[in-house]
Amino acid sequence: MSESINTICVQGGYRPGDGEPRQIPIYQSTTWKYDTSEHMGKLFDLEEAGYFYTRLQNPTNDFVAAKIAELEGGTAAMLTSSGQAANFFAIFNIAGAGDHVVASSAIYGGTYNLLAHTMGRMGLECTFVSPDCTDEELEAAFQPNTKAVFGETIANPALAVLDIERFAAAAHAHGVPLIVDNTFPTPINCRPIEWGADIVTHSTTKYIDGHGASVGGVIVDSGKFDWTAYPDKFPGLTQPDETYHGITYTERFGLEGAYITKATAQLMRDLGSIQSPQNAYLINLGLESLHLRMAQHNKNGLALAKFLQAHPKVAWVRYPGLEEDGEFERAQKYLNPGASGVVSFGVAGGREAAETFMKHLQIAQIATHVADARTCVLHPANATHRQMNDAELEAAGISPDLIRLSCGIEDTDDLIADVAQALEAV
Ligand SMILES: *Cc1c(COP(=O)(O)O)cnc(C)c1O
C-alpha cells in the first residue's frame, strides 16, 4: 500500500513486530556480542548484514535513516553527527584530491567554507556559480575532473531557490550527480529526487529535529545515478576497494546501495562522524510531527513576509512564497505546499536599525539557529557569515543589513504583534 508522506512521518522506517516496542528503541550500546569470531568476521567483510560497532552502524540510527529515505523517495540513507558532516561525506564519498565540484554560490556559510577553504586544502577544487547564472556560465564551470554539482533547494540565508531540474540536467550532461541540501524545505515542501537530484542531504538540526535539541545530519541516495556508466570518474564505487577485501560496491550492493554502503563502510570507519543513537531517537520524535509543524511554519512565514512587505520601516523583504519575490516562480514550481518559515528582510536604517529592532523583540529571540519551533532572529553579517568580506557576502546573496527571521510554530497574530512593536522602537 502506498502511503502519504504524512503517514511516513509518523510510522515510516520502523514497523514493530508482535510484542515489540511501539516507540523506536534506543540501542545505547557501542558494541554487539557474537558467539564465534567467524560470524563477526563475516560482518567485517560485509558478507553478512549485522551490527558490531556503533561507529559503523546502529539499529536506532538505521530505523530513522530508513524513515528519511522513505520521505525523500530514496533507496538508502545514513545519519551523520551534523549537517556539516553530511555535506562533507556526500561530496568526499565521490570526490577527492585532484577533483573538482561545481557549487551554487548561494549556500550556507559553513558549507561555503567547507568547499572554498577546507576541502581546498585537501586538494579538491570548487567553482561557484550564481543560482541565476546563464546556461553558458553554468556550462563553463565544468572541468574534465568535475565529480559533482552541489546546491541548496532554498539557500540559507539568501533564500534563493535552486532550479533543480536545470542544475540536474547540466550535471547529468557531464556524467556527474547533483547533490542537493534540502534542509530548509524538508521533504514536506520539496522532494528534490523527484526533480532529478541524485543525492539529498539535510542538517537534521533544523526542521527535522525542530526543537533545537540535537545536532545531526543525513545523506539520502536516490539510487538512480548510474556510477557504472562512468567507471573512470567514480573508481571508488566501480572498482575493488582493497581496504574491504576487494569488494566492488556497485557490484555487491547495486545502484540502490553502493553509495551509502561505501560512505558507511569506508568514510564512517575512517572519519567517524556518526550520529549518537540518542540524537537519532530525538530527531525521530521531531519527524513524527514534521508534516504538522511545516504547515504552521509555512503559514507563519508567508504571513510575516506579507506584514513586513507592507510596513513603512522595512526596506526590503525576501520570501520565495511572496508573489512579488524574484524567486516566486521557482518557489511555485518546487516548493509545495509552502516556502517554509524563514524570511529575510532589511530594516530601513541599515546595520544599526537592525540591531535596535532585534533588541526589542520579545517572542522572537536572537539565536544562531533557524528552522526551530520557537521563532528566532539572526543578523548573519554579524554572526554566521562574519568571516566573509563584503564581496563574498554579495556573492552569497547577503546584504550587510539582512535580518533572518525564522518563524516558529507560535500563533501567527502573536508573531506579527511582536515584530510590529519592535519596529515601533526603530
Ligand atoms: C545548518 C545548516 C548546515 C550545517 O548543519 P549543522 O547541523 O549545523 O552542522 C548545512 N546546510 C544548511 C542549509 C544549514 O542550514
# chains A, B, ... in the order shown; residues from 1 in each chain; ligands from 1
$ residues_near_ligand --ligand "ligand 1" --cutoff "10 Å" --atoms "only C-alpha atoms and all ligand atoms" --output "VMD selection string"
chain A and resid 80 to 88 106 to 112 151 to 157 180 to 185 201 to 207 214 to 218 368 to 371 384
$ select_by_dssp --residues "range 97-282 of chain A" --states "alpha helix (DSSP H)" --output "number ranges by chain"
A: 109-113, 119-121, 135-141, 164-173, 186-189, 235-238, 249-262, 269-271, 277-282
$ residues_around --residues "Asn6 in chain A" --least-positions-apart "5" --cutoff "12 Å" --atoms "only C-alpha atoms" --output "PyMOL selection string"
chain A and resi 11-12+67+70-71+187-189+287-295
$ closest_residue --among "A:Thr75, A:Asn284, A:Thr228, A:Gln275" --to "Tyr249 in chain A" --atoms "only C-alpha atoms"
A:Thr228
$ closest_residue --among "A:Gly338, A:Gly254, A:Gly74, A:Gly212" --to "Arg374 in chain A" --atoms "only C-alpha atoms"
A:Gly212
$ select_by_dssp --residues "range 22-121 of chain A" --states "strand (DSSP E)" --output "ChimeraX atom specification"
/A:76-80,100-104
$ write_last_selection --atoms "C-alpha atoms" --output "PDB file, in the first residue's frame"
ATOM      1  CA  ALA A  76      19.252   4.267   1.285  1.00  0.00           C
ATOM      2  CA  ALA A  77      20.339   6.826   3.869  1.00  0.00           C
ATOM      3  CA  MET A  78      22.947   7.397   6.551  1.00  0.00           C
ATOM      4  CA  LEU A  79      22.777   9.634   9.621  1.00  0.00           C
ATOM      5  CA  THR A  80      25.785  11.790  10.434  1.00  0.00           C
ATOM      6  CA  HIS A 100      36.592  19.426  -8.804  1.00  0.00           C
ATOM      7  CA  VAL A 101      32.994  20.282  -7.913  1.00  0.00           C
ATOM      8  CA  VAL A 102      30.598  22.954  -9.160  1.00  0.00           C
ATOM      9  CA  ALA A 103      28.542  24.604  -6.420  1.00  0.00           C
ATOM     10  CA  SER A 104      25.879  27.259  -6.215  1.00  0.00           C
TER      11      SER A 104
END
$ closest_residue --among "A:Glu256, A:Glu352, A:Glu327, A:Asp99" --to "Phe225 in chain A" --atoms "only C-alpha atoms"
A:Glu256
$ residues_around --residues "range 131-143 of chain A" --least-positions-apart "2" --cutoff "12 Å" --atoms "only C-alpha atoms" --output "PyMOL selection string"
chain A and resi 98-107+125-129+145-155+158-164+166-176+326-327+330+395-397
$ residues_around --residues "Ala49 in chain A" --least-positions-apart "4" --cutoff "12 Å" --atoms "only C-alpha atoms" --output "list in words"
His39, Met40, Gly41, Lys42, Leu43, Phe44, Asp45, Leu56, Gln57, Asn58, Pro59, Phe253, Thr261 and Ala265 of chain A
$ write_last_selection --atoms "all heavy atoms" --output "short mmCIF file (atom, residue, chain, number, x, y, z; two decimals), in the first residue's frame"
data_model
loop_
_atom_site.label_atom_id
_atom_site.label_comp_id
_atom_site.auth_asym_id
_atom_site.auth_seq_id
_atom_site.Cartn_x
_atom_site.Cartn_y
_atom_site.Cartn_z
N HIS A 39 31.64 -15.65 12.77
CA HIS A 39 30.43 -14.87 12.47
C HIS A 39 30.77 -13.38 12.37
O HIS A 39 30.40 -12.70 11.42
CB HIS A 39 29.37 -15.12 13.56
CG HIS A 39 28.04 -14.50 13.24
ND1 HIS A 39 26.96 -14.57 14.08
CD2 HIS A 39 27.61 -13.79 12.16
CE1 HIS A 39 25.94 -13.94 13.54
NE2 HIS A 39 26.31 -13.45 12.38
N MET A 40 31.51 -12.90 13.36
CA MET A 40 31.91 -11.49 13.37
C MET A 40 32.74 -11.15 12.13
O MET A 40 32.58 -10.08 11.54
CB MET A 40 32.72 -11.18 14.63
CG MET A 40 33.15 -9.75 14.70
SD MET A 40 32.40 -8.88 16.04
CE MET A 40 33.37 -9.33 17.39
N GLY A 41 33.61 -12.05 11.72
CA GLY A 41 34.45 -11.84 10.55
C GLY A 41 33.61 -11.59 9.30
O GLY A 41 33.94 -10.73 8.48
N LYS A 42 32.50 -12.33 9.20
CA LYS A 42 31.62 -12.16 8.04
C LYS A 42 31.01 -10.76 8.01
O LYS A 42 30.79 -10.20 6.94
CB LYS A 42 30.51 -13.22 8.06
CG LYS A 42 31.02 -14.59 7.67
CD LYS A 42 29.88 -15.56 7.42
CE LYS A 42 30.44 -16.89 6.96
NZ LYS A 42 29.66 -18.03 7.46
N LEU A 43 30.74 -10.23 9.19
CA LEU A 43 30.18 -8.87 9.26
C LEU A 43 31.23 -7.86 8.80
O LEU A 43 30.93 -6.94 8.04
CB LEU A 43 29.71 -8.54 10.67
CG LEU A 43 28.70 -9.48 11.31
CD1 LEU A 43 28.29 -8.96 12.68
CD2 LEU A 43 27.45 -9.62 10.44
N PHE A 44 32.45 -8.06 9.29
CA PHE A 44 33.54 -7.15 8.92
C PHE A 44 33.78 -7.18 7.41
O PHE A 44 34.11 -6.16 6.80
CB PHE A 44 34.84 -7.50 9.66
CG PHE A 44 34.99 -6.77 10.95
CD1 PHE A 44 34.70 -7.40 12.16
CD2 PHE A 44 35.40 -5.46 10.98
CE1 PHE A 44 34.83 -6.72 13.36
CE2 PHE A 44 35.53 -4.77 12.17
CZ PHE A 44 35.24 -5.41 13.37
N ASP A 45 33.62 -8.34 6.82
CA ASP A 45 33.84 -8.47 5.37
C ASP A 45 32.64 -8.02 4.55
O ASP A 45 32.65 -8.13 3.32
CB ASP A 45 34.16 -9.93 5.02
CG ASP A 45 35.52 -10.36 5.57
OD1 ASP A 45 36.25 -9.47 6.06
OD2 ASP A 45 35.83 -11.56 5.51
N LEU A 56 30.07 2.37 12.96
CA LEU A 56 29.65 1.98 11.60
C LEU A 56 28.14 1.94 11.45
O LEU A 56 27.59 2.49 10.50
CB LEU A 56 30.30 0.66 11.20
CG LEU A 56 31.76 0.93 10.85
CD1 LEU A 56 32.68 0.28 11.83
CD2 LEU A 56 32.06 0.54 9.44
N GLN A 57 27.47 1.29 12.35
CA GLN A 57 26.02 1.21 12.24
C GLN A 57 25.39 0.93 13.59
O GLN A 57 25.99 0.26 14.43
CB GLN A 57 25.62 0.08 11.29
CG GLN A 57 25.56 0.50 9.83
CD GLN A 57 24.94 -0.60 8.98
OE1 GLN A 57 25.44 -1.70 8.95
NE2 GLN A 57 23.83 -0.28 8.33
N ASN A 58 24.16 1.43 13.75
CA ASN A 58 23.40 1.23 14.98
C ASN A 58 21.94 1.11 14.58
O ASN A 58 21.49 1.89 13.73
CB ASN A 58 23.65 2.42 15.92
CG ASN A 58 22.83 2.36 17.18
OD1 ASN A 58 21.62 2.54 17.15
ND2 ASN A 58 23.49 2.10 18.29
N PRO A 59 21.20 0.17 15.14
CA PRO A 59 19.81 -0.03 14.69
C PRO A 59 18.92 1.20 14.85
O PRO A 59 18.08 1.47 13.99
CB PRO A 59 19.31 -1.18 15.58
CG PRO A 59 20.54 -1.85 16.12
CD PRO A 59 21.61 -0.80 16.17
N PHE A 253 26.39 -4.23 -4.05
CA PHE A 253 25.21 -3.62 -3.44
C PHE A 253 24.26 -2.96 -4.44
O PHE A 253 23.24 -2.40 -4.05
CB PHE A 253 25.64 -2.62 -2.35
CG PHE A 253 26.46 -3.28 -1.28
CD1 PHE A 253 27.85 -3.16 -1.28
CD2 PHE A 253 25.85 -4.05 -0.30
CE1 PHE A 253 28.61 -3.80 -0.30
CE2 PHE A 253 26.61 -4.70 0.67
CZ PHE A 253 27.99 -4.56 0.67
N THR A 261 26.55 2.44 1.18
CA THR A 261 27.40 1.40 1.79
C THR A 261 28.85 1.84 1.82
O THR A 261 29.54 1.68 2.83
CB THR A 261 27.28 0.06 1.04
OG1 THR A 261 25.90 -0.29 0.95
CG2 THR A 261 28.04 -1.05 1.77
N ALA A 265 30.91 2.08 5.16
CA ALA A 265 31.99 1.13 5.38
C ALA A 265 33.36 1.80 5.35
O ALA A 265 34.28 1.36 6.03
CB ALA A 265 31.93 0.02 4.34
#
$ closest_residue --among "A:Ala391, A:Leu46, A:Leu415, A:Gln278" --to "Asp241 in chain A" --atoms "only C-alpha atoms"
A:Leu46
$ closest_residue --among "A:Arg15, A:Glu323, A:Trp32, A:Gln309" --to "Ala66 in chain A" --atoms "only C-alpha atoms"
A:Arg15
$ residues_around --residues "Ala263 in chain A" --least-positions-apart "4" --cutoff "9 Å" --atoms "only C-alpha atoms" --output "list of chain:residue names"
A:Met78, A:Phe89, A:Ala90, A:Phe92, A:Asn93, A:Ala258, A:Tyr259, A:Leu267, A:Met268, A:Arg269
$ atom_distance --atom1 "CA of Ser273 in chain A" --atom2 "CA of His211 in chain A"
21.8 Å
$ closest_residue --among "A:Leu282, A:Ile24, A:Leu402, A:Val377" --to "Val314 in chain A" --atoms "only C-alpha atoms"
A:Leu402
